[in-house]
file input-v9.csv (CSV, C-alpha atoms)
chain,number,residue,atom,x,y,z
A,1,MET,CA,8.1,-63.9,44.5
A,2,THR,CA,11.2,-65.3,46.1
A,3,ARG,CA,14.6,-63.7,45.9
A,4,PRO,CA,17.5,-65.7,44.6
A,5,ASP,CA,19.9,-67.1,47.2
A,6,PRO,CA,23.1,-65.1,46.9
A,7,THR,CA,25.1,-68.0,48.2
A,8,THR,CA,24.3,-70.2,45.2
A,9,LYS,CA,26.0,-68.0,42.5
A,10,PRO,CA,29.1,-65.9,42.6
A,11,ARG,CA,28.5,-62.2,42.7
A,12,GLN,CA,28.8,-60.5,39.3
A,13,PRO,CA,30.4,-57.0,39.1
A,14,ILE,CA,27.9,-54.4,38.1
A,15,GLY,CA,30.5,-52.3,36.3
A,16,PRO,CA,31.7,-48.7,36.4
A,17,ALA,CA,28.4,-47.3,37.8
A,18,ALA,CA,28.8,-49.5,40.9
A,19,LEU,CA,32.4,-48.5,41.3
A,20,ALA,CA,31.5,-44.8,41.0
A,21,ALA,CA,28.7,-45.2,43.6
A,22,PHE,CA,31.1,-47.1,45.9
A,23,VAL,CA,33.8,-44.5,45.7
A,24,ALA,CA,31.2,-41.7,46.3
A,25,GLN,CA,29.9,-43.4,49.4
A,26,LYS,CA,33.4,-44.1,50.7
A,27,ALA,CA,34.3,-40.4,50.2
A,28,GLU,CA,31.2,-39.4,52.2
A,29,ILE,CA,32.1,-41.8,55.0
A,30,ASP,CA,35.7,-40.5,55.0
A,31,GLU,CA,34.4,-36.9,55.3
A,32,MET,CA,32.1,-37.9,58.2
A,33,LEU,CA,35.0,-39.7,59.9
A,34,ALA,CA,37.3,-36.7,59.5
A,35,ARG,CA,34.6,-34.4,61.0
A,36,LEU,CA,34.0,-36.7,63.9
A,37,GLN,CA,37.8,-37.0,64.6
A,38,ALA,CA,38.1,-33.2,64.6
A,39,LEU,CA,35.1,-32.9,66.9
A,40,SER,CA,36.6,-35.6,69.2
A,41,ASP,CA,40.0,-33.7,69.1
A,42,ASP,CA,38.0,-30.7,70.4
A,43,HIS,CA,36.5,-32.8,73.2
A,44,PHE,CA,33.1,-32.6,71.4
A,45,GLY,CA,33.0,-28.9,72.0
A,46,ALA,CA,32.8,-29.3,75.7
A,47,HIS,CA,34.9,-27.4,78.2
A,48,PRO,CA,36.1,-29.5,81.1
A,49,ASP,CA,34.6,-27.1,83.7
A,50,GLU,CA,31.2,-27.4,82.0
A,51,ILE,CA,30.8,-31.2,81.7
A,52,ASP,CA,27.6,-32.5,83.1
A,53,TRP,CA,25.6,-35.8,82.8
A,54,GLY,CA,23.9,-34.5,79.6
A,55,HIS,CA,27.3,-34.4,77.9
A,56,VAL,CA,28.0,-38.0,79.2
A,57,GLY,CA,24.6,-39.1,77.8
A,58,THR,CA,25.2,-37.6,74.4
A,59,LEU,CA,28.7,-39.1,74.2
A,60,ASN,CA,27.3,-42.5,75.2
A,61,HIS,CA,24.7,-42.2,72.4
A,62,TYR,CA,27.5,-41.4,69.9
A,63,ARG,CA,29.6,-44.3,71.2
A,64,ALA,CA,26.8,-46.8,71.0
A,65,ARG,CA,26.0,-45.9,67.4
A,66,LEU,CA,29.7,-46.1,66.5
A,67,ARG,CA,30.0,-49.5,68.3
A,68,GLU,CA,27.1,-50.8,66.2
A,69,ILE,CA,28.8,-49.7,63.0
A,70,ALA,CA,32.1,-51.2,64.1
A,71,ASP,CA,30.5,-54.4,65.1
A,72,MET,CA,28.9,-54.7,61.6
A,73,ALA,CA,32.1,-53.8,59.8
A,74,PHE,CA,34.2,-56.2,61.7
A,75,GLY,CA,31.7,-59.0,62.3
A,76,GLU,CA,31.9,-58.5,66.1
A,77,GLY,CA,29.4,-58.1,68.9
A,78,ASP,CA,25.7,-58.7,68.3
A,79,ALA,CA,26.1,-58.0,64.6
A,80,ARG,CA,27.7,-61.4,63.8
call {"tool": "encode", "arguments": {"input": "input-v9.csv", "output": "structure tokens"}}
result
Amino acid sequence: MTRPDPTTKPRQPIGPAALAAFVAQKAEIDEMLARLQALSDDHFGAHPDEIDWGHVGTLNHYRARLREIADMAFGEGDAR
């Protein structure tokens, strides 16, 4: 069974259920972003005198995942 080519027909809105799902998912993303911002504002819970390479590795992992998301969202990097 082949899937229809989405480029051949304009997208049709699904209706109120799709909007409600979109708004709910956006709210969840907004909450995650706010929590991440608060954690960043607190230097990810790390005290400057206690920073070690483990902290750097963890932060690099977070940065890489966020870069992947940003690249997808903005059509940049390898996600193009």
call {"tool": "residues_around", "arguments": {"input": "input-v9.csv", "residues": "stretch 61-70 of chain A", "least_positions_apart": "4", "cutoff": "12 Å", "atoms": "only C-alpha atoms", "output": "list in words"}}
result
Ile29, Met32, Leu33, Leu36, Leu39, Ser40, Phe44, Gly54, His55, Val56, Gly57, Phe74, Gly75, Glu76, Gly77, Asp78, Ala79 and Arg80 of chain A
call {"tool": "write_last_selection", "arguments": {"input": "input-v9.csv", "atoms": "C-alpha atoms", "output": "short mmCIF file (atom, residue, chain, number, x, y, z; two decimals), in the frame of the given file"}}
result
data_model
loop_
_atom_site.label_atom_id
_atom_site.label_comp_id
_atom_site.auth_asym_id
_atom_site.auth_seq_id
_atom_site.Cartn_x
_atom_site.Cartn_y
_atom_site.Cartn_z
CA ILE A 29 32.10 -41.80 55.00
CA MET A 32 32.10 -37.90 58.20
CA LEU A 33 35.00 -39.70 59.90
CA LEU A 36 34.00 -36.70 63.90
CA LEU A 39 35.10 -32.90 66.90
CA SER A 40 36.60 -35.60 69.20
CA PHE A 44 33.10 -32.60 71.40
CA GLY A 54 23.90 -34.50 79.60
CA HIS A 55 27.30 -34.40 77.90
CA VAL A 56 28.00 -38.00 79.20
CA GLY A 57 24.60 -39.10 77.80
CA PHE A 74 34.20 -56.20 61.70
CA GLY A 75 31.70 -59.00 62.30
CA GLU A 76 31.90 -58.50 66.10
CA GLY A 77 29.40 -58.10 68.90
CA ASP A 78 25.70 -58.70 68.30
CA ALA A 79 26.10 -58.00 64.60
CA ARG A 80 27.70 -61.40 63.80
#
call {"tool": "atom_distance", "arguments": {"input": "input-v9.csv", "atom1": "atom CA of A:His43", "atom2": "atom CA of A:Leu59"}}
result
10.1 Å
call {"tool": "atom_distance", "arguments": {"input": "input-v9.csv", "atom1": "atom CA of A:Asn60", "atom2": "atom CA of A:Gln37"}}
result
15.9 Å
call {"tool": "atom_distance", "arguments": {"input": "input-v9.csv", "atom1": "atom CA of A:Gln12", "atom2": "atom CA of A:Met72"}}
result
23.0 Å
